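Written out below as structure tokens is the structure these notes cover.
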Amino acid sequence: MTRTDVAVVGAGPIGLAIAWRCAIRGLRVEVHDPAPGSGASAVAAGMLSPVAEAYFGERRLTELLVASAARWPGFAAELTEASGTEIGYRTEGTLMVGLTGDDLAEARRLWAYQQGLGLPVTPLRPSELRDREPALAPRVRGGALAPTDHQVDPRLLVPALRTAARRAGAVLVPQPVRRLSDVDAGVTVVAAGCGAAALTGLPVRPVKGQILRLRAPGGVAPGFRHVIRGYADGEHVYLVPRADGEVVLGATVEERADTSVTAGAVLRLLRAGVDLLPELTEYDLVEAVAGLRPGTPDNAPILGPLPGRPDVLAATGHHRHGIVLTPITAEKIADLVTTGVPDPLLAPFGADRFAVASSTGTGDAARPDAGDVSGRRFAVASPAGDAARPGAGDVSGPGRTTEEDLWS
Ligand SMILES: Cc1cc2nc3c(=O)[nH]c(=O)nc-3n(C[C@H](O)[C@H](O)[C@H](O)COP(=O)(O)OP(=O)(O)OC[C@H]3O[C@@H](n4cnc5c(N)ncnc54)[C@H](O)[C@@H]3O)c2cc1C
């Protein structure tokens, strides 16, 4: 008999939420991580933005984001109850703004695409924008409201998930997993973020993000309530206000694996942030930090069994969306653990979409040298994004006449 029913490798939001969901179904669960919550979630902004982040060519990913965001209200309430702690879940919505005429033209193109998918995006006149957020700079040319894009505080979310998982009976093992063959469990779930590549050979790459935290002077709440996502002289930034006075200002997206903070990135983020919200000049700058998002070749997560290994499930590669995707990942992976049957919703996100060009042949993900160095090489076979589909990513393309409504 195996020592446990489920071993989860990685105690970030994804691993902890899966552990919680499995434990409340009565399974014996262990979570292995030497430093829980120390991955990308430690720096993440916590935007739950399926609408503002519905980008050209990522329609299937958008569907998953929308489905997960729809679960957030119930998930947040249940987690708050189960953990006994607040998680900073806020529902004021997101304002998307453009500083200059050029910025607004770029933003409007994306809003038209998002509206074409049936997503709730309401263009606002400048006066309506300022009625909603008087703190916006007078230079801001225009904007739109995404009322269903919310936020949560990942630095509260992860401890709450840890408490909820522990209360449900999951056990934390504070050690790294170096080889999957060392794990004694009926099912192993690899939810190790960027660490999944070395364990499985899956094509998960680190994508660096630098991000700042500021604080309103005098211990008061920031002078704005919505999440603000802006184009400012070509820079794309977001500002996330927290009730305790914190403002998260992010973030760079860099194809590199170090976590150094550079003067140039801080300068660009601050300049764009202050251009949109001048009052930020008076705020304290309390943190400048970088994290590594677990990216995949098509920027969509990998959810399901490793090829040839039904006992090893991947739940990784969540890239920019791991917080918003936490509820649906946990639910669908727990379903898969208990029933062995994958939900059709997961079909576009299988590990098998990355064709194995040369493999160990046995699906031996446990080899210590597994990963890019193992001889197991993955390439995109059929991306979960749909950039390759005719008409995909084309604002003037299919529109609402052929695209089904994503928002229900
Ligand atoms: C700057 C920035 C801003 C972001 N903003 C947002 C946002 O606004 N909204 C959003 O939805 N997402 C956001 N993200 C993305 C989000 O943070 C990630 O997608 C999410 O954290 C992924 O969760 P995870 O649990 O898979 O991985 P992680 O959070 O990276 O956690 C992985 C865990 O696995 C552990 N681990 C690794 N290897 C091993 C091993 N061999 N054995 C045991 N344990 C191991 C690590 O210690 C870590 O605790 C942002 C990311 C960054 C960097």
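Scheme for the structure tokens: letters A, B, ... for chains in order shown; per-chain residue numbers from 1; ligand numbers from 1 in order shown.
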
Inset, instruction - Give as a PyMOL selection string the residues surrounding ligand 1 up to a distance of 6 Å, considering only C-alpha atoms and all ligand atoms. - result: chain A and resi 9-15+32-33+35-41+43-48+176-178+191-193+195+209-211+251+291-293+316+318-324

Legend entry - Nearby residues (only C-alpha atoms) at most 9 Å from Thr4 in chain A, same-chain spacing under 3 positions excluded, as a ChimeraX atom specification: /A:1,7,27-30,184-187

Could the residues of range 39-104 of chain A that have an atom at most 12 Å from range 114-131 of chain A be listed as JSON lines, each with its closest atom pair and the distance in Å to one decimal, counting only C-alpha atoms and ordered by chain and ascending residue number?
```
{"residue": "A:Ser49", "atom": "CA", "partner": "A:Leu119", "partner_atom": "CA", "distance": 11.3}
{"residue": "A:Pro50", "atom": "CA", "partner": "A:Leu119", "partner_atom": "CA", "distance": 8.9}
{"residue": "A:Val51", "atom": "CA", "partner": "A:Leu119", "partner_atom": "CA", "distance": 6.3}
{"residue": "A:Ala52", "atom": "CA", "partner": "A:Gln114", "partner_atom": "CA", "distance": 8.0}
{"residue": "A:Glu53", "atom": "CA", "partner": "A:Gln114", "partner_atom": "CA", "distance": 9.0}
{"residue": "A:Ala54", "atom": "CA", "partner": "A:Gln114", "partner_atom": "CA", "distance": 6.4}
{"residue": "A:Tyr55", "atom": "CA", "partner": "A:Gln114", "partner_atom": "CA", "distance": 7.8}
{"residue": "A:Phe56", "atom": "CA", "partner": "A:Gln114", "partner_atom": "CA", "distance": 8.8}
{"residue": "A:Gly57", "atom": "CA", "partner": "A:Gln114", "partner_atom": "CA", "distance": 11.5}
{"residue": "A:Glu58", "atom": "CA", "partner": "A:Gln114", "partner_atom": "CA", "distance": 11.2}
{"residue": "A:Arg59", "atom": "CA", "partner": "A:Leu117", "partner_atom": "CA", "distance": 8.6}
{"residue": "A:Arg60", "atom": "CA", "partner": "A:Leu117", "partner_atom": "CA", "distance": 11.4}
{"residue": "A:Thr62", "atom": "CA", "partner": "A:Leu117", "partner_atom": "CA", "distance": 9.5}
{"residue": "A:Glu63", "atom": "CA", "partner": "A:Leu117", "partner_atom": "CA", "distance": 9.8}
{"residue": "A:Leu65", "atom": "CA", "partner": "A:Leu119", "partner_atom": "CA", "distance": 11.7}
{"residue": "A:Val66", "atom": "CA", "partner": "A:Leu119", "partner_atom": "CA", "distance": 9.0}
{"residue": "A:Gly93", "atom": "CA", "partner": "A:Val121", "partner_atom": "CA", "distance": 10.8}
{"residue": "A:Thr94", "atom": "CA", "partner": "A:Val121", "partner_atom": "CA", "distance": 9.8}
{"residue": "A:Leu95", "atom": "CA", "partner": "A:Leu129", "partner_atom": "CA", "distance": 8.2}
{"residue": "A:Met96", "atom": "CA", "partner": "A:Pro123", "partner_atom": "CA", "distance": 9.1}
{"residue": "A:Val97", "atom": "CA", "partner": "A:Leu129", "partner_atom": "CA", "distance": 8.8}
{"residue": "A:Gly98", "atom": "CA", "partner": "A:Pro126", "partner_atom": "CA", "distance": 10.6}
{"residue": "A:Leu99", "atom": "CA", "partner": "A:Pro126", "partner_atom": "CA", "distance": 11.2}
{"residue": "A:Leu104", "atom": "CA", "partner": "A:Pro123", "partner_atom": "CA", "distance": 11.2}
```

Legend entry - Separation of CA of Thr188 in chain A from CA of Val6 in chain A in Å: 5.8 Å
